[in-house]
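As structure tokens, the structure follows; a few thoughts come after it.
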Amino acid sequence: MGMNIIEKIMAKHAGKDSVVPGEIVECAVDAVMLHDVGTPGIQRPFNALGTDKIADGVDCIIIPDHFVPANTVAAAENLKITREFAERMSIENYYEIGRGGICHQVMMEKGHVKPGQIIVAPDSHATTYGAAGAFGTGLGVTDVAIALGTGKLWFVVPETVRVNLTGKLPEWVSAKDISIYLLGKFKDGELLYRSLELGGNIIHEMSMDSRECLADMALEMGVKACLVECDEITDAYLKKALKGEPYELVTPDQDASYEAVYDVDVSDMVPMISMPHTPSNAATVKEAEGKKVNQAFLGSCTNGRMEDLKIAADMLRGKTISPKVRLIVTPASNEIYNKAMEKGYLKIFMDAGATITNATCGACVGGHLGLIAAGEVCISSSNRNFRGRMGSKDGEIYLASPAAVIASAITGEITDPRGVS
Amino acid sequence: MNISGKVWKYGDNIDTDVIYPGKYLVHFDPEEVAKHVMEGMGDGFAEKVQKGDLIVAGQNFGTGSAREQAAMALRYAGLAAILADSFSRTFFRNAINNALPVVAVKGISKWVEEGEELEVELTKGIIRKVNTGEELKFIPHPQLIMDIVNAGGAINYYKEKNK
């Protein structure tokens with residue numbers, strides 16, 4: 001019997017020929033990503049383990065991103081703990097503020113993700129690494145400290161659900177719309193604890209930016225991991241990001257087994273939106289049209305990439321946003337910020353009336369740089385619309401694609417991007 | 001390992017941001033973390049909860065972020081166990097790692113009313129209503145998970161194991 005992508009990765013890391021769903025295995029961990037919440041968080045469990053060094057064979061990457069630059073003294077203290085830990089452990093890949101950005105984007109663009117690896121982080125959206133064929137998963141600080149100190153972790157081999165995205169993607173429909181559609185389709189927990197394996201012609205026609213959006217957003221379906229089938233686009237991206245380091249693409253066996261296989265034809269898909277207060281509360285943007293918005297947010301590890309900023313710039317060129325709306329643009333990394341500047345996107349945003357922030361989790365995690373007040377409505381390109389996520393628990397958050405966020409910023413109310421050209 | 005306590009009820013998809021809002025992510029001190037338990041609900045849970053109480057919830061309890069403070073807050077606020085129709089996987093691991101027993105049993109949210117008293121036999125896989133003696137069965141956790149809970153959490157477990 002053949003294996004699917006995650007089974008191959010787990011078997012290899014457990015030193016076994018094969019694994020089956022439900023089996024508990026102890027896997028070697030290749031890399032641990034830490035940020036300015038996770039690094040302070042692991043201190044207690046890491047010290048309690050009785051070790052003072054990172055296990056051999058574990059690559060540790062530290063990327064402060066949640067509360068940067070520090071917005072409170074408590075955040076400054078945590079950033080100090082993070083910096084000092086990086087120094088004490090002689091971490092080569094420490095990305096100081098201004099040199100990195102949002103952790104998952106930095107992991108991808110700086111070549112810290114290889115296909116077939118197991119990478120854990122104290123951050124749920126580590127599933128993003130599946131866009132490059134790695135088993136990335138978020139864990140609490142205790143598990144992460146154990147991975148860092150021992151180089152190993154126990155996992156249950158998950159059931160895998162395969163989704164083939166087929167057909168032809170309509171204009172103004174993006175990876176984010178597909179994500180929200182799938183969230184609605186699997187809203188009863190069908191993907192909880194599962195590995196989601198994505199393939200089909202639509203995947204192979206997609207940019208890495210879009211694949212990262214899908215793998216990132218898949219976490220909201222409750223998955224343990226999301227593995228995107230690798231191809232020549234993955235290959236081209238890896239050649240550049242890994243700067244010649246060797247790697248091997250992981251593909252599923254022809255006779256791999258799945259708990260379920262779905263073919264989803266996207267040809268008739270329309271722009272989608274997550275209504276308050278949970279991402280799986282999916283609807284079409286049309287159904288939400290007319291709702292007045294106070295804030296529009298373009299950013300996050302889901303949709304703060306070059307492709308997203310390009311869509312926004314193309315829509316905003318020569319236009320201004322509604323005087324009733326604050327548009328906050330947060331590029332996902334410093335590299336993206338720079339590229340957007342070179343391409344003139346930032347000037348377009350400024351002229352349109354937007355506020356541009358540094359690369360940070362900021363508004364998405366309700367930390368700083370764009371919280372909302374009671375009674376306010378935010379349309380956001382981020383990944384969660386939980387009650388209170390972006391500020392007041394009496395505010396409302398709608399999740400949508402960058403195109404729908406910008407269309408709504410222009411009109412001042414939730415707007416289907418197909419109507420704004 | 002047996003647990004008994006009074007039930008607080010919550011619905012489906014109770015997320016990490018409601019259990020422990022993002023603005024408090026800078027804190028890791030157990031006492032400070034416990035103060036903000038369920039703050040996003042706005043129902044004054046932190047003041048009402050008593051040591052040894054239980055939470056019974058619907059589907060996908062703990063969905064969202066990997067923040068361990070969500071599990072820590074519940075544990076240090078004194079909850080003896082969380083019983084739900086299903087759990088988010090990261091929350092489940094975080095709870096076990098903090099020695100907070102979690103039991104997934106489909107249908108429990110419809111079976112129990114708020115304020116009822118339950119007895120839970122973790123190793124036998126039985127939940128019993130104290131008043132009526134009615135029982136609901138579940139599949140007990142694998143040995144590894146029970147070992148972690150019985151050791152008082154993952155760090156103690158690994159410290160023992162690596163001795």
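The way I read the labels, and the way they are meant: chains A, B, ... in the order of the structure tokens, residue 1 as the first residue of every chain, and ligand 1 as the first ligand shown, with later ones counted on from there.
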
Only residues of chain A matter here; which ones have an atom within 6 Å of chain B, counting only C-alpha atoms? Give them as a PDB file with all heavy atoms, in the first residue's frame.
```
ATOM      1  N   LEU A  49      13.004  21.373  31.743  1.00  0.00           N
ATOM      2  CA  LEU A  49      13.469  20.112  31.144  1.00  0.00           C
ATOM      3  C   LEU A  49      14.871  19.753  31.632  1.00  0.00           C
ATOM      4  O   LEU A  49      15.307  18.609  31.516  1.00  0.00           O
ATOM      5  CB  LEU A  49      13.547  20.256  29.620  1.00  0.00           C
ATOM      6  CG  LEU A  49      12.403  19.774  28.758  1.00  0.00           C
ATOM      7  CD1 LEU A  49      12.780  19.955  27.292  1.00  0.00           C
ATOM      8  CD2 LEU A  49      12.060  18.317  29.027  1.00  0.00           C
ATOM      9  N   ASP A 123       2.976  28.628  16.980  1.00  0.00           N
ATOM     10  CA  ASP A 123       2.102  29.498  16.204  1.00  0.00           C
ATOM     11  C   ASP A 123       1.328  28.637  15.216  1.00  0.00           C
ATOM     12  O   ASP A 123       1.925  27.928  14.396  1.00  0.00           O
ATOM     13  CB  ASP A 123       2.925  30.545  15.454  1.00  0.00           C
ATOM     14  CG  ASP A 123       2.042  31.657  14.928  1.00  0.00           C
ATOM     15  OD1 ASP A 123       1.282  31.412  13.974  1.00  0.00           O
ATOM     16  OD2 ASP A 123       2.082  32.765  15.488  1.00  0.00           O
ATOM     17  N   SER A 124       0.001  28.713  15.312  1.00  0.00           N
ATOM     18  CA  SER A 124      -0.842  27.776  14.572  1.00  0.00           C
ATOM     19  C   SER A 124      -0.662  27.831  13.063  1.00  0.00           C
ATOM     20  O   SER A 124      -0.789  26.815  12.383  1.00  0.00           O
ATOM     21  CB  SER A 124      -2.304  28.028  14.923  1.00  0.00           C
ATOM     22  OG  SER A 124      -2.638  29.366  14.633  1.00  0.00           O
ATOM     23  N   GLY A 138       1.536  23.940  14.282  1.00  0.00           N
ATOM     24  CA  GLY A 138       1.614  24.779  15.464  1.00  0.00           C
ATOM     25  C   GLY A 138       1.398  23.958  16.721  1.00  0.00           C
ATOM     26  O   GLY A 138       0.615  23.006  16.733  1.00  0.00           O
ATOM     27  N   LEU A 139       2.118  24.305  17.781  1.00  0.00           N
ATOM     28  CA  LEU A 139       2.023  23.597  19.061  1.00  0.00           C
ATOM     29  C   LEU A 139       2.153  24.616  20.179  1.00  0.00           C
ATOM     30  O   LEU A 139       2.625  25.723  19.955  1.00  0.00           O
ATOM     31  CB  LEU A 139       3.182  22.599  19.184  1.00  0.00           C
ATOM     32  CG  LEU A 139       3.239  21.463  18.167  1.00  0.00           C
ATOM     33  CD1 LEU A 139       4.626  20.841  18.182  1.00  0.00           C
ATOM     34  CD2 LEU A 139       2.188  20.419  18.471  1.00  0.00           C
ATOM     35  N   GLY A 140       1.766  24.229  21.365  1.00  0.00           N
ATOM     36  CA  GLY A 140       1.960  25.087  22.525  1.00  0.00           C
ATOM     37  C   GLY A 140       3.436  25.155  22.897  1.00  0.00           C
ATOM     38  O   GLY A 140       4.262  24.403  22.368  1.00  0.00           O
ATOM     39  N   TYR A 193      -8.134  17.492  12.996  1.00  0.00           N
ATOM     40  CA  TYR A 193      -7.053  16.501  13.209  1.00  0.00           C
ATOM     41  C   TYR A 193      -6.534  15.900  11.906  1.00  0.00           C
ATOM     42  O   TYR A 193      -5.629  15.083  11.925  1.00  0.00           O
ATOM     43  CB  TYR A 193      -7.501  15.328  14.093  1.00  0.00           C
ATOM     44  CG  TYR A 193      -7.836  15.696  15.506  1.00  0.00           C
ATOM     45  CD1 TYR A 193      -9.137  15.961  15.880  1.00  0.00           C
ATOM     46  CD2 TYR A 193      -6.832  15.790  16.469  1.00  0.00           C
ATOM     47  CE1 TYR A 193      -9.453  16.323  17.168  1.00  0.00           C
ATOM     48  CE2 TYR A 193      -7.138  16.138  17.752  1.00  0.00           C
ATOM     49  CZ  TYR A 193      -8.448  16.404  18.113  1.00  0.00           C
ATOM     50  OH  TYR A 193      -8.752  16.742  19.390  1.00  0.00           O
ATOM     51  N   GLY A 367      -3.093  43.025  18.516  1.00  0.00           N
ATOM     52  CA  GLY A 367      -2.008  43.462  19.383  1.00  0.00           C
ATOM     53  C   GLY A 367      -1.851  44.976  19.376  1.00  0.00           C
ATOM     54  O   GLY A 367      -1.801  45.621  20.414  1.00  0.00           O
TER      55      GLY A 367
END
```

*Just the strand (DSSP E or B) stuff from stretch 223-278 of chain A, please, per backbone DSSP, written as a PyMOL selection string.*
chain A and resi 225-228+256+260-265+272-274

Save out the residues we just selected, N, CA, C and O atoms, as a PDB file, in the first residue's frame.
```
ATOM      1  N   ALA A 225      -2.085  19.592   9.471  1.00  0.00           N
ATOM      2  CA  ALA A 225      -1.126  20.051   8.466  1.00  0.00           C
ATOM      3  C   ALA A 225      -1.857  20.187   7.152  1.00  0.00           C
ATOM      4  O   ALA A 225      -2.919  19.588   6.963  1.00  0.00           O
ATOM      5  N   CYS A 226      -1.284  20.984   6.253  1.00  0.00           N
ATOM      6  CA  CYS A 226      -1.832  21.073   4.903  1.00  0.00           C
ATOM      7  C   CYS A 226      -0.658  20.899   3.952  1.00  0.00           C
ATOM      8  O   CYS A 226       0.301  21.666   3.997  1.00  0.00           O
ATOM      9  N   LEU A 227      -0.700  19.861   3.154  1.00  0.00           N
ATOM     10  CA  LEU A 227       0.399  19.577   2.242  1.00  0.00           C
ATOM     11  C   LEU A 227      -0.042  19.842   0.806  1.00  0.00           C
ATOM     12  O   LEU A 227      -1.000  19.245   0.337  1.00  0.00           O
ATOM     13  N   VAL A 228       0.673  20.761   0.170  1.00  0.00           N
ATOM     14  CA  VAL A 228       0.361  21.090  -1.220  1.00  0.00           C
ATOM     15  C   VAL A 228       1.299  20.283  -2.110  1.00  0.00           C
ATOM     16  O   VAL A 228       2.508  20.235  -1.855  1.00  0.00           O
ATOM     17  N   ALA A 256      -1.664   5.731  -2.944  1.00  0.00           N
ATOM     18  CA  ALA A 256      -1.809   6.222  -1.565  1.00  0.00           C
ATOM     19  C   ALA A 256      -3.273   6.137  -1.145  1.00  0.00           C
ATOM     20  O   ALA A 256      -4.168   6.232  -1.984  1.00  0.00           O
ATOM     21  N   ALA A 260     -10.850  10.401   2.573  1.00  0.00           N
ATOM     22  CA  ALA A 260     -11.847  10.883   1.610  1.00  0.00           C
ATOM     23  C   ALA A 260     -11.128  11.665   0.525  1.00  0.00           C
ATOM     24  O   ALA A 260     -10.059  12.241   0.768  1.00  0.00           O
ATOM     25  N   VAL A 261     -11.679  11.653  -0.658  1.00  0.00           N
ATOM     26  CA  VAL A 261     -11.142  12.457  -1.768  1.00  0.00           C
ATOM     27  C   VAL A 261     -12.286  13.291  -2.330  1.00  0.00           C
ATOM     28  O   VAL A 261     -13.369  12.772  -2.597  1.00  0.00           O
ATOM     29  N   TYR A 262     -12.056  14.603  -2.437  1.00  0.00           N
ATOM     30  CA  TYR A 262     -13.081  15.493  -2.996  1.00  0.00           C
ATOM     31  C   TYR A 262     -12.521  16.184  -4.230  1.00  0.00           C
ATOM     32  O   TYR A 262     -11.382  16.652  -4.212  1.00  0.00           O
ATOM     33  N   ASP A 263     -13.322  16.247  -5.281  1.00  0.00           N
ATOM     34  CA  ASP A 263     -12.972  17.077  -6.433  1.00  0.00           C
ATOM     35  C   ASP A 263     -13.814  18.334  -6.333  1.00  0.00           C
ATOM     36  O   ASP A 263     -15.043  18.259  -6.289  1.00  0.00           O
ATOM     37  N   VAL A 264     -13.151  19.463  -6.245  1.00  0.00           N
ATOM     38  CA  VAL A 264     -13.883  20.729  -6.132  1.00  0.00           C
ATOM     39  C   VAL A 264     -13.616  21.541  -7.391  1.00  0.00           C
ATOM     40  O   VAL A 264     -12.488  21.982  -7.635  1.00  0.00           O
ATOM     41  N   ASP A 265     -14.645  21.698  -8.215  1.00  0.00           N
ATOM     42  CA  ASP A 265     -14.526  22.492  -9.442  1.00  0.00           C
ATOM     43  C   ASP A 265     -14.760  23.955  -9.075  1.00  0.00           C
ATOM     44  O   ASP A 265     -15.819  24.315  -8.554  1.00  0.00           O
ATOM     45  N   MET A 272     -15.876  35.261  -1.898  1.00  0.00           N
ATOM     46  CA  MET A 272     -16.461  34.728  -0.659  1.00  0.00           C
ATOM     47  C   MET A 272     -16.088  35.614   0.531  1.00  0.00           C
ATOM     48  O   MET A 272     -15.124  36.382   0.484  1.00  0.00           O
ATOM     49  N   ILE A 273     -16.848  35.452   1.599  1.00  0.00           N
ATOM     50  CA  ILE A 273     -16.591  36.238   2.813  1.00  0.00           C
ATOM     51  C   ILE A 273     -16.926  35.383   4.045  1.00  0.00           C
ATOM     52  O   ILE A 273     -17.839  34.558   3.985  1.00  0.00           O
ATOM     53  N   SER A 274     -16.145  35.536   5.112  1.00  0.00           N
ATOM     54  CA  SER A 274     -16.488  34.898   6.393  1.00  0.00           C
ATOM     55  C   SER A 274     -17.218  35.931   7.235  1.00  0.00           C
ATOM     56  O   SER A 274     -16.663  36.961   7.590  1.00  0.00           O
TER      57      SER A 274
END
```

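Atom CA of A:Pro21 lies 21.2 Å from atom CA of B:Asp85.
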
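Coordinates place atom CA of B:His36 at a distance of 26.5 Å from atom CA of A:Asn281.
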
_Spatial neighbours of B:Leu136, 9 Å, only C-alpha atoms, chain gap at least 5 places, as a PyMOL selection string_ = chain B and resi 105+108+111+125-129

*Mind listing the alpha helix (DSSP H) residues of stretch 161-221 of chain A, per DSSP on the backbone, as a PyMOL selection string?*
chain A and resi 175-185+201-204+208-217

Go ahead and save the picked residues with N, CA and C atoms, as a CSV table (one decimal), in the first residue's frame.
```csv
chain,number,residue,atom,x,y,z
A,175,ALA,N,-7.2,32.5,-4.1
A,175,ALA,CA,-6.9,31.4,-3.1
A,175,ALA,C,-7.7,31.7,-1.9
A,176,LYS,N,-7.9,33.0,-1.5
A,176,LYS,CA,-8.6,33.3,-0.2
A,176,LYS,C,-10.1,32.9,-0.4
A,177,ASP,N,-10.6,33.1,-1.6
A,177,ASP,CA,-12.0,32.8,-1.8
A,177,ASP,C,-12.2,31.2,-1.7
A,178,ILE,N,-11.2,30.5,-2.3
A,178,ILE,CA,-11.3,29.1,-2.3
A,178,ILE,C,-11.2,28.6,-0.8
A,179,SER,N,-10.3,29.2,0.0
A,179,SER,CA,-10.2,28.9,1.4
A,179,SER,C,-11.5,29.1,2.2
A,180,ILE,N,-12.1,30.2,1.9
A,180,ILE,CA,-13.4,30.5,2.7
A,180,ILE,C,-14.5,29.5,2.2
A,181,TYR,N,-14.5,29.2,0.9
A,181,TYR,CA,-15.4,28.2,0.4
A,181,TYR,C,-15.2,26.9,1.1
A,182,LEU,N,-14.0,26.5,1.2
A,182,LEU,CA,-13.7,25.1,1.8
A,182,LEU,C,-14.0,25.2,3.3
A,183,LEU,N,-13.8,26.3,3.9
A,183,LEU,CA,-14.2,26.5,5.4
A,183,LEU,C,-15.7,26.2,5.5
A,184,GLY,N,-16.5,26.8,4.6
A,184,GLY,CA,-17.9,26.6,4.7
A,184,GLY,C,-18.3,25.1,4.4
A,185,LYS,N,-17.6,24.5,3.4
A,185,LYS,CA,-17.9,23.2,3.0
A,185,LYS,C,-17.6,22.2,4.2
A,201,ASN,N,-5.5,20.6,-11.1
A,201,ASN,CA,-4.9,21.6,-12.0
A,201,ASN,C,-4.8,23.0,-11.5
A,202,ILE,N,-5.8,23.4,-10.6
A,202,ILE,CA,-5.8,24.8,-10.1
A,202,ILE,C,-4.6,25.0,-9.2
A,203,ILE,N,-4.2,24.0,-8.4
A,203,ILE,CA,-3.0,24.1,-7.6
A,203,ILE,C,-1.8,24.4,-8.5
A,204,HIS,N,-1.7,23.6,-9.5
A,204,HIS,CA,-0.5,23.6,-10.3
A,204,HIS,C,-0.4,24.9,-11.2
A,208,MET,N,3.2,30.6,-5.8
A,208,MET,CA,3.6,30.2,-4.4
A,208,MET,C,2.8,31.0,-3.4
A,209,ASP,N,2.7,32.3,-3.7
A,209,ASP,CA,1.9,33.2,-2.8
A,209,ASP,C,0.5,32.7,-2.5
A,210,SER,N,-0.1,32.2,-3.6
A,210,SER,CA,-1.5,31.7,-3.4
A,210,SER,C,-1.5,30.4,-2.6
A,211,ARG,N,-0.5,29.5,-2.9
A,211,ARG,CA,-0.4,28.3,-2.2
A,211,ARG,C,-0.2,28.5,-0.7
A,212,GLU,N,0.6,29.5,-0.4
A,212,GLU,CA,0.9,29.8,1.0
A,212,GLU,C,-0.4,30.3,1.7
A,213,CYS,N,-1.2,31.1,1.0
A,213,CYS,CA,-2.5,31.5,1.5
A,213,CYS,C,-3.4,30.3,1.8
A,214,LEU,N,-3.4,29.4,0.9
A,214,LEU,CA,-4.3,28.2,1.1
A,214,LEU,C,-3.8,27.4,2.3
A,215,ALA,N,-2.5,27.1,2.4
A,215,ALA,CA,-1.9,26.3,3.5
A,215,ALA,C,-2.1,26.9,4.8
A,216,ASP,N,-2.0,28.3,4.8
A,216,ASP,CA,-2.1,29.1,6.0
A,216,ASP,C,-3.5,29.0,6.5
A,217,MET,N,-4.4,29.3,5.6
A,217,MET,CA,-5.9,29.4,6.0
A,217,MET,C,-6.5,28.0,6.3
```

*7 Å contact set for B:Leu100, only C-alpha atoms, chain neighbours under 6 positions out, as a PyMOL selection string*: chain B and resi 75+80-81

Save the residues we just selected, N, CA, C and O atoms, as an mmCIF file, in the first residue's frame?
```cif
data_model
loop_
_atom_site.group_PDB
_atom_site.id
_atom_site.type_symbol
_atom_site.label_atom_id
_atom_site.label_comp_id
_atom_site.auth_asym_id
_atom_site.auth_seq_id
_atom_site.Cartn_x
_atom_site.Cartn_y
_atom_site.Cartn_z
ATOM 1 N N ARG B 75 -6.655 25.649 33.377
ATOM 2 C CA ARG B 75 -6.035 24.788 34.398
ATOM 3 C C ARG B 75 -5.802 25.566 35.699
ATOM 4 O O ARG B 75 -6.148 25.120 36.784
ATOM 5 N N ALA B 80 -11.189 21.215 36.650
ATOM 6 C CA ALA B 80 -10.664 19.862 36.868
ATOM 7 C C ALA B 80 -10.599 19.079 35.565
ATOM 8 O O ALA B 80 -9.803 18.144 35.444
ATOM 9 N N ALA B 81 -11.436 19.432 34.605
ATOM 10 C CA ALA B 81 -11.416 18.769 33.298
ATOM 11 C C ALA B 81 -12.309 19.545 32.334
ATOM 12 O O ALA B 81 -13.187 20.302 32.763
#
```

*Determine, counting only C-alpha atoms, which protein, DNA and RNA residues have an atom within 10 Å of an atom of B:Glu113; residues of the same chain fewer than 5 positions away are not included. Present the result as JSON, numbers by chain.*
{"B": [7, 8, 9, 56, 108]}

_Can you pull out the residues contacting A:Phe85? Cut-off 9 Å, using only C-alpha atoms, and skip same-chain residues under 6 positions away; I want them as a PyMOL selection string._
chain A and resi 39-40+43+91

Residues of the last selection are to be written out with N, CA, C and O atoms, as an mmCIF file, in the first residue's frame.
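This is the output file result33.cif:
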```
data_model
loop_
_atom_site.group_PDB
_atom_site.id
_atom_site.type_symbol
_atom_site.label_atom_id
_atom_site.label_comp_id
_atom_site.auth_asym_id
_atom_site.auth_seq_id
_atom_site.Cartn_x
_atom_site.Cartn_y
_atom_site.Cartn_z
ATOM 1 N N THR A 39 9.149 32.624 22.271
ATOM 2 C CA THR A 39 10.458 32.535 22.936
ATOM 3 C C THR A 39 10.329 32.776 24.445
ATOM 4 O O THR A 39 10.823 31.965 25.237
ATOM 5 N N PRO A 40 9.672 33.856 24.883
ATOM 6 C CA PRO A 40 9.457 33.988 26.330
ATOM 7 C C PRO A 40 8.642 32.801 26.882
ATOM 8 O O PRO A 40 8.926 32.306 27.968
ATOM 9 N N GLN A 43 10.583 29.574 27.839
ATOM 10 C CA GLN A 43 11.649 29.657 28.853
ATOM 11 C C GLN A 43 11.394 28.722 30.043
ATOM 12 O O GLN A 43 12.276 27.955 30.431
ATOM 13 N N ILE A 91 22.051 31.560 18.053
ATOM 14 C CA ILE A 91 21.154 31.345 16.913
ATOM 15 C C ILE A 91 21.632 32.188 15.727
ATOM 16 O O ILE A 91 21.683 33.414 15.802
#
```

_Pick from B:Asp43, B:Gly115, B:Leu122, B:Val49 nearest to B:Val149, counting only C-alpha atoms_ =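 The shortest atom-to-atom distance to B:Val149 comes from B:Leu122.
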
*Taking only C-alpha atoms into account, which of A:Gly388, A:Lys324, A:Thr415, A:Val266 comes nearest B:Ile19?*
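That would be A:Gly388, the residue with the smallest distance to B:Ile19.
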
_Can you tell me which residues surround B:Lys51 at a distance of at most 8 Å, considering only C-alpha atoms, apart from same-chain residues fewer than 3 positions away, and format the answer as a PyMOL selection string?_
chain B and resi 77-80
